[in-house]
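Engineer: Have a look at the structure that comes next, please.
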Amino acid sequence: MCRDGGISSPIVFLKDQLNPRTASLLKHESNPKLYFNGRWDDAPGTWWAGSGLKLVGHNIRSLALKLGPHTTTPYTTIAISTDYGEFESLNVSEGFNTLPVNAPDRDTTIRINVEGWQNNRMNLESLVLNSDASLLTYEPSALSFLFIGDSLSAGQYLPMGINQAWPFLVGEHFNAEHTVIAQPGAALKDIVSYGNMHGMEFQFFQTEDTGYYYTTDHNYTTPWDFNKDRTNPTHIVIHIGANDASQNVTADDFVFTCIDFIRNLRQLYPVQPIFLFTPWGWPSEDGSVSYYYEGRYNDIVQLMGDTHVYLVDTKGWVTWDDIFPDNQHPNVPGHINISNEMIQWLNEWGLEPAAHGRTSH
C-alpha cells in the first residue's frame, strides 16, 4: 500500500545556475512528488543508515542539496544512484552540495541515502534543479522490505556502509523499496548495550537511532509515526540476538522478548510474512563456529503459532573467509554471500523481483 507521506518536505527550487548567492532568483515549486524512505525527523533530517529520498525528473542537468545546520559536521556520507546504476559515495555538509547528475532531455531516476549507522544526519532544507527541469512522480515498487537488526545488518566496518550490507543488496536484487532499522551494539531487550541506551524493542519504535544520545541539538527521542511511511513493508526480516547473548540475557528471557517484539510488530503489520534468522555464528580460523541461543529461534517460531512467521536457518552462510578477522563481522564478500543465500532462500519460498519504481507525470 502506498500513501501520502507526512514528512515535512524540503522546498524544491528551479534555477539557471547552482549559485547560492543568487538564491533570491530561485523559483519555488511544491514537491509532493519526492519519495522519502527510512526515518526523518521534522527538520527534516535523517536517522538510521539507509534513510534517504528518491525523485524522478526530466531534463535534470544539475542538482544540488542545500543542507541545514543539523547536518553532521564536518560532513556526512551519502550514496547516489542514477537510473538504478551503481551507487557512488559523496561527502556532503551544511550549505550547497552539487551532485554528479547530468541527464539532459530524458527522464531520470535519482536515489540518495545516507550510508552510515552513525554520523548520518542529513538536514535537507532544499533541492535545487536547473530551471528547465521538471519533476515527475516517483511510484514505489510493489515490494517493500523492512529489515531489523544490529551491526550484522547495519553495514558496520564496510567502506560504503549500508549500501554494501546484505539487507540493502537483497532489496536491490528484488527491485524493492527497503528500510533498514539496525543499530550496532544494540540488544533486542531494552537494556544498555555497547553505547546504546536502549534495546531495539524500544528504539525500533522511535524516529531516532542511538545517535540521539550523543548529539547536542537533538538529544531526545520521539515516537515514530508509522503513517509517515509511504509504503507498508510487504516482507519483514529480523536478524538480532548477538548483543543480547553478549550482555548475558538468558535464553528464556530472549525468547519471550522476541515473541513480545514480534507481537508488537503484528499490531502494525498483521499479515506480512516475517522471516526470523537463526545466528550464522562467529567463525574461527580453524573452521569452527560458535553459536548463541542454539535452537531457541525455532522455539520462538513454534511458540508464536503464527503461520506467517518463518525460520531462516543461516548455519553455514558465513565462514572465516567472509569476516574481518579482528571483529568477526562480515566483510564485503561476506555480505555478498549472505545476500545471495537469502536471495536463493526467498526464491525457493516463492518471491520474485518486482518491476522498478515507475513514474507518472
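Residues are referred to by chain and number: the chain letter is A, B, ... according to the order shown in the C-alpha cells, the number counts from 1 in that chain, and ligands are numbered separately from 1 in the order shown.
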What parts of range 105-161 of chain A does DSSP call alpha helix (DSSP H)? I'd like the answer as an NGL selection string.

Structural biologist: :A and (151-154)

Engineer: For Met304 in chain A, list every protein, DNA or RNA residue within 10 Å, evaluated using only C-alpha atoms, and leave out those in the same chain fewer than 2 positions away; present the list as number ranges by chain.

Structural biologist: A: 256, 258-260, 262-263, 298-302, 306-309

Engineer: Write a file of the selected residues as a short mmCIF file (atom, residue, chain, number, x, y, z; two decimals), in the first residue's frame, keeping all heavy atoms.

Structural biologist:
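And here's part08.cif as it stands now:
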```cif
data_model
loop_
_atom_site.label_atom_id
_atom_site.label_comp_id
_atom_site.auth_asym_id
_atom_site.auth_seq_id
_atom_site.Cartn_x
_atom_site.Cartn_y
_atom_site.Cartn_z
N PHE A 256 11.23 -14.82 25.05
CA PHE A 256 9.96 -14.13 25.33
C PHE A 256 10.02 -12.66 24.95
O PHE A 256 9.00 -12.07 24.57
CB PHE A 256 9.58 -14.34 26.80
CG PHE A 256 9.15 -15.75 27.09
CD1 PHE A 256 9.95 -16.62 27.80
CD2 PHE A 256 7.93 -16.23 26.59
CE1 PHE A 256 9.57 -17.92 28.05
CE2 PHE A 256 7.53 -17.53 26.83
CZ PHE A 256 8.35 -18.39 27.56
N CYS A 258 11.63 -11.62 22.27
CA CYS A 258 11.44 -11.67 20.82
C CYS A 258 9.98 -11.93 20.47
O CYS A 258 9.43 -11.31 19.54
CB CYS A 258 12.34 -12.74 20.21
SG CYS A 258 12.49 -12.63 18.42
N ILE A 259 9.33 -12.81 21.20
CA ILE A 259 7.91 -13.07 20.95
C ILE A 259 7.09 -11.80 21.17
O ILE A 259 6.23 -11.44 20.35
CB ILE A 259 7.40 -14.21 21.86
CG1 ILE A 259 8.00 -15.54 21.39
CG2 ILE A 259 5.88 -14.27 21.85
CD1 ILE A 259 7.70 -16.71 22.31
N ASP A 260 7.36 -11.09 22.26
CA ASP A 260 6.64 -9.84 22.52
C ASP A 260 6.90 -8.81 21.43
O ASP A 260 5.98 -8.08 21.01
CB ASP A 260 7.05 -9.26 23.89
CG ASP A 260 6.46 -10.04 25.06
OD1 ASP A 260 5.51 -10.82 24.84
OD2 ASP A 260 6.95 -9.89 26.19
N ILE A 262 7.72 -9.34 18.23
CA ILE A 262 7.02 -9.71 17.00
C ILE A 262 5.52 -9.46 17.15
O ILE A 262 4.86 -9.00 16.21
CB ILE A 262 7.31 -11.17 16.63
CG1 ILE A 262 8.80 -11.34 16.26
CG2 ILE A 262 6.44 -11.61 15.45
CD1 ILE A 262 9.22 -12.77 16.01
N ARG A 263 4.98 -9.71 18.32
CA ARG A 263 3.56 -9.42 18.53
C ARG A 263 3.28 -7.93 18.42
O ARG A 263 2.22 -7.52 17.91
CB ARG A 263 3.12 -9.98 19.88
CG ARG A 263 2.96 -11.49 19.87
CD ARG A 263 2.64 -12.06 21.22
NE ARG A 263 2.39 -13.51 21.13
CZ ARG A 263 2.38 -14.34 22.17
NH1 ARG A 263 2.59 -13.86 23.40
NH2 ARG A 263 2.15 -15.62 22.00
N ASN A 298 14.01 -21.43 16.85
CA ASN A 298 12.95 -22.36 16.48
C ASN A 298 11.84 -22.35 17.52
O ASN A 298 10.65 -22.40 17.19
CB ASN A 298 13.50 -23.77 16.31
CG ASN A 298 12.45 -24.74 15.82
OD1 ASN A 298 11.95 -24.64 14.71
ND2 ASN A 298 12.09 -25.70 16.68
N ASP A 299 12.25 -22.24 18.81
CA ASP A 299 11.26 -22.16 19.88
C ASP A 299 10.37 -20.92 19.71
O ASP A 299 9.16 -20.98 19.96
CB ASP A 299 11.95 -22.10 21.25
CG ASP A 299 12.65 -23.40 21.62
OD1 ASP A 299 12.35 -24.43 20.99
OD2 ASP A 299 13.49 -23.37 22.53
N ILE A 300 10.99 -19.82 19.31
CA ILE A 300 10.22 -18.59 19.11
C ILE A 300 9.13 -18.81 18.08
O ILE A 300 7.96 -18.46 18.29
CB ILE A 300 11.16 -17.43 18.68
CG1 ILE A 300 12.11 -17.06 19.83
CG2 ILE A 300 10.36 -16.22 18.23
CD1 ILE A 300 13.26 -16.17 19.40
N VAL A 301 9.52 -19.39 16.95
CA VAL A 301 8.55 -19.61 15.87
C VAL A 301 7.46 -20.58 16.32
O VAL A 301 6.26 -20.35 16.05
CB VAL A 301 9.27 -20.13 14.61
CG1 VAL A 301 8.26 -20.52 13.53
CG2 VAL A 301 10.24 -19.09 14.09
N GLN A 302 7.85 -21.64 17.02
CA GLN A 302 6.87 -22.62 17.46
C GLN A 302 5.90 -22.03 18.48
O GLN A 302 4.68 -22.25 18.40
CB GLN A 302 7.59 -23.84 18.06
CG GLN A 302 8.41 -24.64 17.06
CD GLN A 302 7.57 -25.19 15.92
OE1 GLN A 302 6.47 -25.72 16.15
NE2 GLN A 302 8.05 -25.08 14.69
N ASP A 306 2.26 -18.55 14.72
CA ASP A 306 1.88 -17.63 13.64
C ASP A 306 2.37 -18.24 12.33
O ASP A 306 3.58 -18.37 12.10
CB ASP A 306 2.52 -16.27 13.89
CG ASP A 306 2.12 -15.19 12.89
OD1 ASP A 306 1.86 -15.54 11.73
OD2 ASP A 306 2.10 -14.01 13.28
N THR A 307 1.45 -18.61 11.46
CA THR A 307 1.83 -19.31 10.24
C THR A 307 2.54 -18.41 9.24
O THR A 307 3.04 -18.90 8.22
CB THR A 307 0.59 -19.92 9.56
OG1 THR A 307 -0.37 -18.88 9.30
CG2 THR A 307 -0.05 -20.97 10.45
N HIS A 308 2.61 -17.11 9.53
CA HIS A 308 3.32 -16.18 8.65
C HIS A 308 4.66 -15.75 9.23
O HIS A 308 5.25 -14.78 8.75
CB HIS A 308 2.45 -14.96 8.35
CG HIS A 308 1.19 -15.28 7.61
ND1 HIS A 308 1.19 -15.73 6.31
CD2 HIS A 308 -0.10 -15.22 7.99
CE1 HIS A 308 -0.05 -15.94 5.91
NE2 HIS A 308 -0.85 -15.65 6.91
N VAL A 309 5.13 -16.46 10.25
CA VAL A 309 6.48 -16.25 10.77
C VAL A 309 7.31 -17.45 10.36
O VAL A 309 6.97 -18.60 10.69
CB VAL A 309 6.49 -16.07 12.30
CG1 VAL A 309 7.93 -15.97 12.81
CG2 VAL A 309 5.69 -14.84 12.71
#
```

Engineer: Name the residues in contact with range 45-59 of chain A at a cut-off of 6 Å, using only C-alpha atoms, excluding same-chain residues fewer than 3 positions from it; report them as number ranges by chain.

Structural biologist: A: 34-41, 103-117, 121-123, 133-136, 138, 208-209

Engineer: Quick one: residues within 10 Å of Phe145 in chain A, only C-alpha atoms counted, chain neighbours fewer than 5 positions away excluded, as an MDAnalysis selection string?

Structural biologist: chainID A and resid 167:168 170:171 174 176:180 231:237

Engineer: So that I can check the surroundings of Trp280 in chain A, please list as a list of chain:residue names every protein, DNA and RNA residue that reaches within 12 Å of it, counting only C-alpha atoms and ignoring chain neighbours fewer than 5 positions away.

Structural biologist: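 In the requested form, the answer reads A:Leu152, A:His239, A:Ile240, A:Gly241, A:Ala242, A:Ser288, A:Val289, A:Ser290, A:Tyr291, A:Tyr292, A:Tyr293, A:Glu294, A:Val312, A:Asp313, A:Thr314, A:Lys315, A:Gly316, A:Trp317, A:Val318, A:Thr319, A:Trp320, A:Asp322, A:Ile323, A:Gln328, A:His329, A:Pro330, A:Gly334, A:Ile338, A:Glu341.
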
Engineer: What does the distance between CA of Pro270 in chain A and CA of Met200 in chain A come to in Å, to one decimal place?

Structural biologist: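 According to the coordinates, CA of Pro270 in chain A and CA of Met200 in chain A are separated by 19.6 Å.
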
Engineer: Could you check the closest approach to Ala186 in chain A for each of A:Asp229, A:Asp132, A:Gln247, A:Thr216 and tell me which residue wins, using only C-alpha atoms?

Structural biologist: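 Residue with the minimum atom-to-atom distance to Ala186 in chain A: A:Gln247.
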
Engineer: Have a look at CA of Ala43 in chain A and CA of Phe147 in chain A and let me know their distance in Å, one decimal.

Structural biologist: 24.7 Å

Engineer: Run DSSP on the backbone of this structure and report the residues of range 71-144 of chain A it assigns to strand (DSSP E or B), as a compact mmCIF listing (two decimals) with C-alpha atoms, in the first residue's frame.

Structural biologist:
```txt
# COMPACT_ATOMS: atom_id res chain seq x y z
CA THR A 76 28.02 13.05 6.34
CA THR A 77 28.50 10.48 3.58
CA ILE A 78 25.68 9.81 1.17
CA ALA A 79 25.33 7.42 -1.74
CA ILE A 80 23.72 8.44 -5.02
CA SER A 81 22.49 6.31 -7.91
CA THR A 82 21.12 7.42 -11.26
CA GLU A 88 28.60 6.46 -5.72
CA SER A 89 29.76 7.81 -2.35
CA LEU A 90 29.86 11.53 -1.74
CA ASN A 91 30.63 13.62 1.35
CA VAL A 92 28.13 16.44 1.92
CA GLY A 95 25.36 24.52 2.67
CA PHE A 96 25.07 23.83 -1.05
CA ASN A 97 26.30 20.47 -2.33
CA THR A 98 26.35 19.84 -6.09
CA LEU A 99 25.66 16.23 -7.04
CA ALA A 103 20.64 13.75 -17.68
CA PRO A 104 19.54 16.22 -20.36
CA ASP A 105 16.42 15.67 -22.50
CA ARG A 106 15.28 12.48 -20.81
CA ASP A 107 13.61 11.11 -17.70
CA THR A 108 15.95 10.02 -14.92
CA THR A 109 15.53 8.38 -11.51
CA ILE A 110 17.80 9.57 -8.71
CA ARG A 111 18.18 7.74 -5.41
CA ILE A 112 20.04 9.20 -2.44
CA ASN A 113 20.66 7.69 1.01
CA VAL A 114 22.94 8.14 3.99
CA ASN A 123 19.28 18.05 7.25
CA LEU A 124 17.72 18.66 3.86
CA GLU A 125 16.42 22.21 3.50
CA SER A 126 16.00 22.34 -0.25
CA LEU A 127 16.74 20.76 -3.60
CA VAL A 128 17.97 22.92 -6.46
CA LEU A 129 17.45 21.93 -10.11
CA ASN A 130 18.21 23.66 -13.39
CA SER A 134 10.66 19.19 -14.28
CA LEU A 135 9.78 16.76 -11.52
CA LEU A 136 7.73 13.65 -12.19
CA THR A 137 6.12 11.45 -9.56
CA TYR A 138 8.12 8.51 -8.23
CA GLU A 139 5.86 5.47 -7.92
CA SER A 144 8.95 -3.33 0.20
```

Engineer: Rank A:Asn337, A:Asn196, A:Asn120, A:Asn227 by their smallest atom-to-atom distance to Trp166 in chain A, using only C-alpha atoms, and report the top residue only.

Structural biologist: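 Once distances to Trp166 in chain A are computed over only C-alpha atoms, the minimum belongs to A:Asn337.
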
Engineer: Can you tell me how far CA of Thr72 in chain A sits from CA of Thr215 in chain A, in Å to one decimal?

Structural biologist: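 Answer for the CA of Thr72 in chain A to CA of Thr215 in chain A separation: 9.6 Å.
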
Engineer: At a cut-off of 9 Å, using only C-alpha atoms, what residues contact Asn175 in chain A? Leave out same-chain residues fewer than 3 positions from it and give the result as a list of chain:residue names.

Structural biologist: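 Counting only the stated atoms, we get A:Ser141, A:Ala142, A:Leu143, A:Ser144, A:Val170, A:Gly171, A:Glu172, A:Pro353, A:Ala354, A:Ala355, A:His356, A:Gly357.
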